[in-house]
Every structure is written in C-alpha cells, then in structure tokens.
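Asker: Below you will find the structure I want to go over with you.
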Amino acid sequence: MRYLFLFLGGISLFLYGMQLMGNGLQQAAGSKLQRILGKLTKRTIYGVALGAGVTSILQSSSATTVMTVGLVNAGLMNLQQAFGIVMGANIGTTITAQLIAFKLTDYITLILAIGFLIQTFARKRNVRDCGQVLLGFGILMLGMAMMGDSVVPLRKNQAVVEFISRFSTQPLLGLLVGLCMTVVIQSSSATVGILMAMASQGLIPLEGAVPVLLGDNIGTCITAVLATLQANINAKRVALSHVLFNLIGSIIAILLMRQFLQLVLAVSPANDISRQIANAHTTFNVVNTLLFLPLASRFTHLVERIIPNRGGEISYQPKFLNENMLGTPAIALSLAKKEIIRMGSLALGNIRRSFACVETYDPKKAKYIKEHEPVIDNLEEAITVYLTKLSEKNMSPELTAMHTGLLHSCSDIERIGDHAETIVKRVKAMNEEGMSFSAQAQLEMKGLEDLVLETAEGALQALEDNDLVLARRALDNSHKVRKMEKAMRKSHVERLNKGICTPETGFVMLELLINMKRVSDHAQNLCEVVLGEF
C-alpha cells in the first residue's frame with residue numbers, strides 16, 4: 001500500500017509540475033497564443049511548425065487541439081489549417097519526454113530551490129515566470145523519482161512481469177493499455193513518464209514500451225473528441241482527423257515495428273532506455289507527420305467525405321468583398337453593400353428564430369442562432385477592414401457619404417445579431433426553469449415581435465434598394481415600436497399588481513422588451529442612412 005501511495009503522489013506531483021511549467025511558459029511567452037493560431041497562414045507546413053511551438057509552450061497537445069477546435073468552430077480556420085496544427089501538436093508534446101530523459105535526478109532539490117527563489121524574489125514578471133517554469137520542472141522530476149521508486153517492488157511480482165513482457169510479442173495489447181492509461185490520466189506526457197519510470201527499473205524493454213507509446217498517442221485524442229460534442233460539423237472533422245492521424249500512424253508503426261525500432265536505436269544511446277523511449281515518442285510523431293504532410297489536402301477531403309455536410313455548411317468568410325476592386329471605389333462600395341445585405345439577412349434570420357423561441361422554445365433554432373452569430377461577427381470585422389482600406393482611396397463627396405453610411409450600417413446589423421442571441425439565451429434560461437408568460441403577455445409580445453420584424457425587414461430592404469419611401473415607412477414603424485413597448489411596460493405592471501404574472505417572468509419580459517426595442521432602434525439607424533440623416 002505504501003508503494004501505491006508513493007506512485008499516486010508521484011504522478012500527482014508530475015502532473016502538477018507539468019501544469020506549473022505550462023502556465024509559466026505561457027505567461028512568459030504572452031497570452032496571445034490563440035490570436036497567433038487564428039492568424040495562421042494557409043500553408044500546412046506553417047501550421048505544423050506553429051502547432052509544435054505552441055504545444056511546447058502549453059506543455060499539452062490536448063490544450064492546443066482544443067484551442068484549434070474552438071477556432072475552427074468560430075470559423076477562423078479551415079480544416080486543412082487545423083490539421084497542420086494537430087500534426088505539429090503531436091510533435092510539440094514530445095518535448096516533455098525529452099526533458100525527462102535528461103539525468104537530472106541528483107539536482108532535483110537544487111532546481112526546486114532555484115526556481116522557488118526566482119519566483120519569490122524576482123521583481124520582473126518575466127523573470128518570475130521563468131522561476132515558475134524551473135520550479136514546475138523540479139516538481140515534475142521529483143514526481144518522476146517517486147514513481148520510479150514506487151515500481152521497484154513490481155520487479156519481484158511475476159504476474160506483473162509476465163503481463164508487461166507480453167507487450168513485446170503482442171503489440172496490440174500494449175497499444176490498448178497505453179490508450180486506456182492516457183484516457184484515464186488525460187495526459188500523454190504522464191503516460192510516457194510512467195513508462196520511463198518502469199523502464200528505469202528494468203520492468204519494460206523498448207520493444208514493449210513502443211506499443212504503449214502508440215496507444216498513448218491515440219488516447220490523447222479523447223480531449224478533442226469531447227470538445228466537439230457541442231461544436232459544429234467542421235470542429236467534429238478536426239477531432240476525427242486527429243484520431244485517424246494517430247490511428248493510421250500507429251497501425252503503420254506496428255506493421256513495420258522491426259524497422260521502426262532499428263531507426264530509434266540508430267538515433268539513441270545504446271544503454272539509455274529513457275532516452276530511447278523519448279526518442280521513440282519523438283520519432284513516431286515526426287515520421288508520421290512527414291508521411292501525412294504531402295497528403296494533407298487529400299486526407300482532409302477524405303475526412304469531409306466521412307463526415308458529410310447534410311445541413312448546409314456555414315460560410316464564415318465574405319463572398320463579395322474583392323480587394324482587387326479597392327482601386328475602383330464605386331465598385332468596391334457596391335460589393336461592400338452586397339456583403340452588408342448578406343450579413344443583414346443572416347441577422348434577420350436569427351431575429352426571426354429568436355422571436356419564434358419566445359413563443360415556443362426550440363433547441364434547434366437556439367443552436368442555429370448560436371452557430372451563426374459568429375458568422376455575423378466575422379463578416380462585420382471583414383467588412384469594416386475592407387471599408388477602412390477603402391477610406392485611404394480618393395472618393396467623391398457622394399461616395400464618401402455612402403462609405404460612412406455603410407460603416408454605420410455594418411455596426412447596426414451586427415448589434416441586431418447580438419440581440420437575437422441575447423433573446424434566445426433569456427428564453428432558454430426561462431424554459432429550463434419551467435417559467436412561462438401569461439396568455440395576455442404572450443399575445444402582446446407577439447404583436448410587438450411582428451412590428452419589430454416588419455420594421456427591420458423594411459429597413460434592410462430600403463438599404464438594399466436605396467428606397468426612400470420604404471425607409472420612411474420603416475422609420476414610422478420604429479416610432480410605433482417605441483410607443484407599443486411603453487404600453488406593454490404599463491400593462492406588465494398592471495398584471496403584476498393583479499398577480500397574473502410573477503416577478504420572475506416579469507423580469508425576463510422586461511429584458512425581452514428592451515432587446516426588441518433596440519432591434520427596432522438599429523433598424524431606425526439603417527433608415528436614417530438611406531435618408532441621409534445619419
């Protein structure tokens with residue numbers, strides 16, 4: 001039992017030390033890693049390099065992959081770019097094993113002391129972060145030493161020795177053990193650390209350790225898979241590419257096990273099993289990446305065929321903006337206007353769905369709004385950047401006025417999309433708590449919804465057609481919305497006094513009224529752009 005506690009304490013220190021290292025490195029490198037990933041260029045090889053670099057800083061391939069899934073889910077990255085980062089993350093995670101392989105056991109206390117002193121007494125933040133990295137590495141090595149001591153008795157346990165020895169002749173068994181260990185521990189580096197601790201005590205040879213390493217690479221995919229449970233189809237494809245990348249690579253390595261072992265031994269010291277295991281980990285991921293890199297495009301197409309898109313793929317990127325047209329402001333403005341109208345159609349679609357959820361909550365509509373709100377945000381940013389570049393060109397007073405109006409319109413439409421998301425969030429919370437509006441409140445709400453929709457639709461159509469008559473009509477409707485909203489507030493207070501509505505539902509209703517009125521206000525701003533009154 002003492003050795004079990006020693007092992008559990010050792011692995012706890014190992015994981016904590018690795019977390020300290022990762023946090024220290026991340027703070028020292030700055031907190032803009034996600035932004036760096038988001039600005040990735042289109043070449044897959046750059047994605048590999050960036051994925052390896054970021055994972056070396058985070059000390060976790062799972063963290064990098066989950067971050068990448070988030071960027072793909074937000075439409076900031078496509079599948080092929082993400083796959084490059086996934087391959088690089090597998091390489092970056094082997095840095096921890098390489099650090100562990102250095103024989104630094106005799107210097108653990110010195111490393112801990114230096115790291116503690118630097119972190120405690122250093123004045124500059126970057127220096128303190130480096131002290132945290134050193135302290136984390138010391139704790140990690142202390143955990144390794146404890147794990148090594150805890151497995152010493154296993155050398156005398158014949159059943160354990162026989163079971164582990166099977167990994168050399170039955171690689172699939174070793175692969176399954178490695179997969180299960182990593183799924184449970186949620187850290188591929190910890191699995192490698194355990195392997196090194198066992199190997200240092202003569203419990204497992206390189207031939208038995210390699211299959212476990214392969215299973216470890218497959219097991220580390222579980223975090224990305226879990227991260228995509230509520231994500232869109234593109235994010236699910238990233239998770240699948242991660243699983244297939246490691247699974248196919250592992251199958252190839254098992255089929256060519258003899259040649260793989262020869263390669264590892266050729267680049268490793270003969271009598272250093274820890275270095276051999278670390279090099280096996282690195283070699284597998286580097287060779288696997290080199291195999292897949294030339295096939296990245298075809299591989300991602302295969303993944304897209306395995307998970308086909310049946311519901312209409314979300315396009316996060318602008319369709320009409322063309323930077324080659326910036327030299328011709330009149331054409332560039334017409335393209336920007338088309339993109340703004342497209343963006344407005346998406347925002348109006350979300351508003352319609354959010355109003356429908358007020359009447360009868362529909363999880364599918366709520367999910368649609370959640371998935372498409374980032375599209376509106378991305379389009380707003382892209383259009384704003386485009387129009388900002390266009391502002392550097394010489395334009396006539398008429399085009400300048402149009403340019404300014406489009407900038408205002410872009411901002412107003414983005415805010416309309418935000419209000420749709422806010423409305424559906426409030427309705428969802430209300431539905432989860434089992435609350436509902438009274439029949440009278442629902443009837444009044446439906447009347448306001450119809451008027452707000454008519455106002456917004458008319459304003460967008462007026463902007464598209466530059467229709468002054470339609471703009472004035474929509475503007476009149478916006479004034480009616482304001483009056484109706486005030487009347488509904490008064491009715492709401494009367495229902496509260498009579499006990500028809502509860503304070504809880506009343507609070508939600510007031511929030512919905514505010515958001516509906518603001519949708520109308522932004523539609524009014526669109527009308528004023530058309531009328532030249534902004």
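Residue names in the structure tokens use chain letters A, B, ... in the order shown, residue numbers from 1 in each chain, and ligand numbers from 1 in the order shown.
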Just the residues within 9 Å of Leu453 (chain A), please, counting only C-alpha atoms, with nothing from its chain fewer than 3 positions along; format it as a CSV table (one decimal) with C-alpha atoms, in the first residue's frame.

Answerer:
```csv
chain,number,residue,atom,x,y,z
A,348,LEU,CA,-32.8,39.0,-39.6
A,351,ILE,CA,-34.1,37.5,-35.1
A,352,ARG,CA,-37.0,35.5,-36.6
A,448,LEU,CA,-44.5,43.6,-30.8
A,449,GLU,CA,-42.5,40.9,-32.4
A,450,ASP,CA,-44.4,41.3,-35.7
A,456,ALA,CA,-36.2,45.5,-39.5
A,457,GLU,CA,-37.2,43.8,-42.8
A,458,GLY,CA,-38.3,47.1,-44.3
A,519,VAL,CA,-33.5,45.9,-32.6
A,520,SER,CA,-36.0,48.5,-33.8
```

Asker: What are the DSSP helix (DSSP H, G or I) residues of region 232-480 of chain A, as a JSON list (two decimals) with C-alpha atoms, in the first residue's frame?

Answerer:
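Result went into out26.json, see below:
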```json
[["chain", "number", "residue", "atom", "x", "y", "z"],
["A", 233, "ILE", "CA", -19.52, 19.89, -38.17],
["A", 234, "ASN", "CA", -16.16, 21.43, -39.06],
["A", 235, "ALA", "CA", -14.92, 21.10, -35.48],
["A", 236, "LYS", "CA", -16.02, 17.44, -35.45],
["A", 237, "ARG", "CA", -13.96, 16.91, -38.60],
["A", 238, "VAL", "CA", -10.89, 18.29, -36.80],
["A", 239, "ALA", "CA", -11.36, 15.77, -34.00],
["A", 240, "LEU", "CA", -11.79, 12.93, -36.50],
["A", 241, "SER", "CA", -8.65, 13.98, -38.39],
["A", 242, "HIS", "CA", -6.74, 13.87, -35.08],
["A", 243, "VAL", "CA", -7.98, 10.35, -34.31],
["A", 244, "LEU", "CA", -7.34, 9.00, -37.82],
["A", 245, "PHE", "CA", -3.90, 10.62, -37.99],
["A", 246, "ASN", "CA", -2.74, 8.85, -34.84],
["A", 247, "LEU", "CA", -4.61, 5.61, -35.53],
["A", 248, "ILE", "CA", -3.30, 5.15, -39.08],
["A", 249, "GLY", "CA", 0.22, 6.11, -38.00],
["A", 250, "SER", "CA", 0.09, 3.60, -35.15],
["A", 251, "ILE", "CA", -1.07, 0.80, -37.45],
["A", 252, "ILE", "CA", 1.81, 1.55, -39.85],
["A", 253, "ALA", "CA", 4.28, 1.58, -36.95],
["A", 254, "ILE", "CA", 3.03, -1.78, -35.68],
["A", 255, "LEU", "CA", 3.26, -3.34, -39.15],
["A", 257, "MET", "CA", 7.80, -2.47, -35.87],
["A", 258, "ARG", "CA", 11.22, -4.01, -36.57],
["A", 259, "GLN", "CA", 12.27, -1.19, -38.90],
["A", 260, "PHE", "CA", 10.90, 1.43, -36.51],
["A", 261, "LEU", "CA", 12.87, 0.02, -33.58],
["A", 262, "GLN", "CA", 16.03, -0.04, -35.67],
["A", 263, "LEU", "CA", 15.52, 3.63, -36.52],
["A", 264, "VAL", "CA", 15.02, 4.56, -32.87],
["A", 265, "LEU", "CA", 18.10, 2.63, -31.74],
["A", 266, "ALA", "CA", 20.13, 4.24, -34.51],
["A", 273, "ILE", "CA", 16.41, 3.27, -22.09],
["A", 274, "SER", "CA", 14.84, 6.59, -21.02],
["A", 275, "ARG", "CA", 16.40, 8.40, -23.97],
["A", 276, "GLN", "CA", 15.33, 5.56, -26.29],
["A", 277, "ILE", "CA", 11.70, 5.88, -25.14],
["A", 278, "ALA", "CA", 11.79, 9.67, -25.52],
["A", 279, "ASN", "CA", 13.29, 9.35, -28.99],
["A", 280, "ALA", "CA", 10.72, 6.70, -29.95],
["A", 281, "HIS", "CA", 7.97, 9.13, -28.96],
["A", 282, "THR", "CA", 9.50, 11.96, -30.98],
["A", 283, "THR", "CA", 10.47, 9.78, -33.95],
["A", 284, "PHE", "CA", 6.97, 8.35, -34.32],
["A", 285, "ASN", "CA", 5.31, 11.77, -34.39],
["A", 286, "VAL", "CA", 7.90, 13.34, -36.70],
["A", 287, "VAL", "CA", 7.83, 10.43, -39.18],
["A", 288, "ASN", "CA", 4.04, 10.25, -39.06],
["A", 289, "THR", "CA", 3.84, 13.97, -39.84],
["A", 290, "LEU", "CA", 6.28, 13.62, -42.73],
["A", 291, "LEU", "CA", 4.11, 10.83, -44.15],
["A", 292, "PHE", "CA", 0.88, 12.81, -43.91],
["A", 293, "LEU", "CA", 2.17, 16.27, -44.83],
["A", 294, "PRO", "CA", 2.23, 15.74, -48.64],
["A", 295, "LEU", "CA", -1.22, 14.12, -48.41],
["A", 296, "ALA", "CA", -2.81, 16.74, -46.14],
["A", 297, "SER", "CA", -5.22, 18.05, -48.77],
["A", 298, "ARG", "CA", -6.41, 14.59, -49.84],
["A", 299, "PHE", "CA", -6.63, 13.45, -46.22],
["A", 300, "THR", "CA", -8.84, 16.36, -45.20],
["A", 301, "HIS", "CA", -11.08, 15.71, -48.23],
["A", 302, "LEU", "CA", -11.42, 12.11, -47.01],
["A", 303, "VAL", "CA", -12.42, 13.35, -43.56],
["A", 304, "GLU", "CA", -15.04, 15.62, -45.16],
["A", 305, "ARG", "CA", -16.45, 12.62, -47.03],
["A", 306, "ILE", "CA", -16.57, 10.53, -43.83],
["A", 323, "GLU", "CA", -9.57, 43.69, -52.62],
["A", 324, "ASN", "CA", -8.62, 43.97, -56.30],
["A", 325, "MET", "CA", -11.56, 46.35, -56.63],
["A", 329, "PRO", "CA", -14.17, 52.85, -55.04],
["A", 330, "ALA", "CA", -17.61, 52.83, -56.68],
["A", 331, "ILE", "CA", -17.40, 49.10, -57.41],
["A", 332, "ALA", "CA", -15.79, 48.34, -54.05],
["A", 333, "LEU", "CA", -18.63, 50.13, -52.24],
["A", 334, "SER", "CA", -21.25, 48.19, -54.18],
["A", 335, "LEU", "CA", -19.52, 44.93, -53.20],
["A", 336, "ALA", "CA", -19.36, 46.02, -49.56],
["A", 337, "LYS", "CA", -23.07, 46.85, -49.69],
["A", 338, "LYS", "CA", -23.90, 43.39, -51.07],
["A", 339, "GLU", "CA", -21.92, 41.81, -48.23],
["A", 340, "ILE", "CA", -23.70, 44.00, -45.67],
["A", 341, "ILE", "CA", -27.08, 42.95, -47.08],
["A", 342, "ARG", "CA", -25.99, 39.31, -46.84],
["A", 343, "MET", "CA", -24.93, 39.91, -43.26],
["A", 344, "GLY", "CA", -28.28, 41.63, -42.59],
["A", 345, "SER", "CA", -30.18, 38.61, -43.96],
["A", 346, "LEU", "CA", -28.35, 36.37, -41.50],
["A", 347, "ALA", "CA", -29.08, 38.75, -38.61],
["A", 348, "LEU", "CA", -32.78, 38.96, -39.57],
["A", 349, "GLY", "CA", -32.94, 35.17, -39.83],
["A", 350, "ASN", "CA", -31.60, 34.93, -36.29],
["A", 351, "ILE", "CA", -34.11, 37.53, -35.08],
["A", 352, "ARG", "CA", -36.99, 35.54, -36.60],
["A", 353, "ARG", "CA", -35.79, 32.37, -34.90],
["A", 354, "SER", "CA", -35.29, 34.09, -31.56],
["A", 355, "PHE", "CA", -38.85, 35.51, -31.71],
["A", 356, "ALA", "CA", -40.16, 32.05, -32.59],
["A", 357, "CYS", "CA", -38.39, 30.71, -29.48],
["A", 358, "VAL", "CA", -40.18, 33.32, -27.35],
["A", 359, "GLU", "CA", -43.49, 31.75, -28.41],
["A", 363, "PRO", "CA", -33.47, 23.88, -29.13],
["A", 364, "LYS", "CA", -32.71, 23.51, -32.86],
["A", 365, "LYS", "CA", -33.44, 27.18, -33.52],
["A", 366, "ALA", "CA", -31.37, 28.15, -30.48],
["A", 367, "LYS", "CA", -28.47, 26.05, -31.74],
["A", 368, "TYR", "CA", -28.76, 27.62, -35.20],
["A", 369, "ILE", "CA", -28.54, 31.11, -33.71],
["A", 370, "LYS", "CA", -25.53, 30.14, -31.61],
["A", 371, "GLU", "CA", -23.72, 28.70, -34.65],
["A", 372, "HIS", "CA", -24.50, 31.62, -36.97],
["A", 373, "GLU", "CA", -23.82, 34.52, -34.59],
["A", 374, "PRO", "CA", -20.01, 34.10, -35.09],
["A", 375, "VAL", "CA", -20.63, 34.33, -38.85],
["A", 376, "ILE", "CA", -22.22, 37.76, -38.40],
["A", 377, "ASP", "CA", -19.34, 38.86, -36.15],
["A", 378, "ASN", "CA", -16.73, 37.68, -38.67],
["A", 379, "LEU", "CA", -18.49, 39.40, -41.55],
["A", 380, "GLU", "CA", -18.72, 42.65, -39.57],
["A", 381, "GLU", "CA", -14.99, 42.55, -38.92],
["A", 382, "ALA", "CA", -14.14, 41.69, -42.54],
["A", 383, "ILE", "CA", -16.41, 44.41, -43.95],
["A", 384, "THR", "CA", -15.03, 47.01, -41.53],
["A", 385, "VAL", "CA", -11.45, 46.16, -42.50],
["A", 386, "TYR", "CA", -12.40, 46.34, -46.19],
["A", 387, "LEU", "CA", -14.08, 49.72, -45.82],
["A", 388, "THR", "CA", -11.17, 51.01, -43.73],
["A", 389, "LYS", "CA", -8.77, 50.14, -46.53],
["A", 390, "LEU", "CA", -11.12, 51.80, -48.99],
["A", 397, "PRO", "CA", -18.29, 63.52, -51.60],
["A", 398, "GLU", "CA", -21.16, 61.29, -52.70],
["A", 399, "LEU", "CA", -19.07, 58.10, -52.38],
["A", 400, "THR", "CA", -17.61, 59.32, -49.08],
["A", 401, "ALA", "CA", -21.13, 59.73, -47.67],
["A", 402, "MET", "CA", -22.04, 56.26, -48.92],
["A", 403, "HIS", "CA", -18.86, 54.86, -47.36],
["A", 404, "THR", "CA", -19.68, 56.40, -43.97],
["A", 405, "GLY", "CA", -23.26, 55.17, -44.14],
["A", 406, "LEU", "CA", -22.17, 51.62, -44.88],
["A", 407, "LEU", "CA", -19.80, 51.64, -41.91],
["A", 408, "HIS", "CA", -22.68, 52.71, -39.65],
["A", 409, "SER", "CA", -24.99, 50.11, -41.19],
["A", 410, "CYS", "CA", -22.48, 47.34, -40.69],
["A", 411, "SER", "CA", -22.23, 48.12, -36.98],
["A", 412, "ASP", "CA", -26.02, 48.33, -36.53],
["A", 413, "ILE", "CA", -26.64, 45.00, -38.24],
["A", 414, "GLU", "CA", -24.01, 43.28, -36.08],
["A", 415, "ARG", "CA", -25.80, 44.61, -32.99],
["A", 416, "ILE", "CA", -29.13, 43.26, -34.29],
["A", 417, "GLY", "CA", -27.49, 39.82, -34.44],
["A", 418, "ASP", "CA", -26.26, 40.24, -30.86],
["A", 419, "HIS", "CA", -29.78, 40.98, -29.64],
["A", 420, "ALA", "CA", -31.08, 37.78, -31.29],
["A", 421, "GLU", "CA", -28.51, 35.79, -29.32],
["A", 422, "THR", "CA", -29.38, 37.60, -26.07],
["A", 423, "ILE", "CA", -33.11, 36.98, -26.54],
["A", 424, "VAL", "CA", -32.68, 33.26, -27.14],
["A", 425, "LYS", "CA", -30.39, 32.94, -24.11],
["A", 426, "ARG", "CA", -33.00, 34.54, -21.86],
["A", 427, "VAL", "CA", -35.78, 32.36, -23.27],
["A", 428, "LYS", "CA", -33.63, 29.24, -22.87],
["A", 429, "ALA", "CA", -32.95, 30.04, -19.21],
["A", 430, "MET", "CA", -36.66, 30.70, -18.68],
["A", 431, "ASN", "CA", -37.55, 27.37, -20.30],
["A", 432, "GLU", "CA", -35.03, 25.46, -18.17],
["A", 439, "ALA", "CA", -51.66, 34.29, -22.25],
["A", 440, "GLN", "CA", -52.18, 38.07, -22.29],
["A", 441, "ALA", "CA", -48.43, 38.74, -22.13],
["A", 442, "GLN", "CA", -47.80, 36.27, -24.96],
["A", 443, "LEU", "CA", -50.43, 37.97, -27.12],
["A", 444, "GLU", "CA", -48.92, 41.41, -26.56],
["A", 445, "MET", "CA", -45.42, 40.06, -27.15],
["A", 446, "LYS", "CA", -46.48, 38.54, -30.48],
["A", 447, "GLY", "CA", -47.82, 41.91, -31.64],
["A", 448, "LEU", "CA", -44.54, 43.64, -30.76],
["A", 449, "GLU", "CA", -42.48, 40.91, -32.45],
["A", 450, "ASP", "CA", -44.44, 41.30, -35.70],
["A", 451, "LEU", "CA", -43.98, 45.07, -35.69],
["A", 452, "VAL", "CA", -40.24, 44.84, -34.92],
["A", 453, "LEU", "CA", -39.77, 42.30, -37.71],
["A", 454, "GLU", "CA", -41.68, 44.46, -40.16],
["A", 455, "THR", "CA", -39.51, 47.43, -39.19],
["A", 456, "ALA", "CA", -36.22, 45.55, -39.53],
["A", 457, "GLU", "CA", -37.17, 43.84, -42.79],
["A", 458, "GLY", "CA", -38.33, 47.12, -44.27],
["A", 459, "ALA", "CA", -35.15, 48.91, -43.18],
["A", 460, "LEU", "CA", -32.88, 46.28, -44.71],
["A", 461, "GLN", "CA", -34.87, 46.22, -47.94],
["A", 462, "ALA", "CA", -34.74, 50.02, -48.09],
["A", 463, "LEU", "CA", -30.96, 49.88, -47.65],
["A", 464, "GLU", "CA", -30.60, 47.29, -50.40],
["A", 465, "ASP", "CA", -32.81, 49.16, -52.90],
["A", 468, "LEU", "CA", -36.68, 56.37, -49.65],
["A", 469, "VAL", "CA", -40.39, 55.56, -49.40],
["A", 470, "LEU", "CA", -39.74, 52.20, -47.77],
["A", 471, "ALA", "CA", -37.19, 53.79, -45.44],
["A", 472, "ARG", "CA", -39.74, 56.39, -44.22],
["A", 473, "ARG", "CA", -42.35, 53.64, -43.70],
["A", 474, "ALA", "CA", -39.91, 51.58, -41.65],
["A", 475, "LEU", "CA", -38.92, 54.71, -39.74],
["A", 476, "ASP", "CA", -42.59, 55.33, -38.84],
["A", 477, "ASN", "CA", -42.83, 51.70, -37.66],
["A", 478, "SER", "CA", -39.86, 52.20, -35.38],
["A", 479, "HIS", "CA", -41.72, 55.04, -33.65],
["A", 480, "LYS", "CA", -44.74, 52.73, -33.27]]
```

Asker: Tell me, in Å to one decimal, how far CA of Cys527 (chain A) is from CA of Met395 (chain A).

Answerer: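 Computing it gives 23.3 Å between the two atoms.
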
Asker: Excluding Arg489 (chain A) and any residue of its chain fewer than 4 positions from it, enumerate the residues within 12 Å of it, using only C-alpha atoms, and give them as a PyMOL selection string.

Answerer: chain A and resi 441+444-445+448+482-485+493-496+506-507+509-514+517

Asker: Grab the CA of Thr55 (chain A) to CA of Asp129 (chain A) distance for me, in Å with one decimal place.

Answerer: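 Taking CA of Thr55 (chain A) and CA of Asp129 (chain A), their separation equals 17.3 Å.
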
Asker: List the spatial neighbours of Thr109 (chain A) as a list in words - criterion: any atom at most 10 Å away, only C-alpha atoms, same-chain residues fewer than 3 positions off excluded.

Answerer: Thr105, Asp106, Leu112, Ala113, Ile114, Gly115, Leu135, Gly138, Ile139, Met141 and Leu142 of chain A

Asker: Which one of A:Pro171, A:Pro308, A:Pro503, A:Gly10 sits closest to Ile194 (chain A) if you count only C-alpha atoms?

Answerer: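 Nearest to Ile194 (chain A): A:Gly10.
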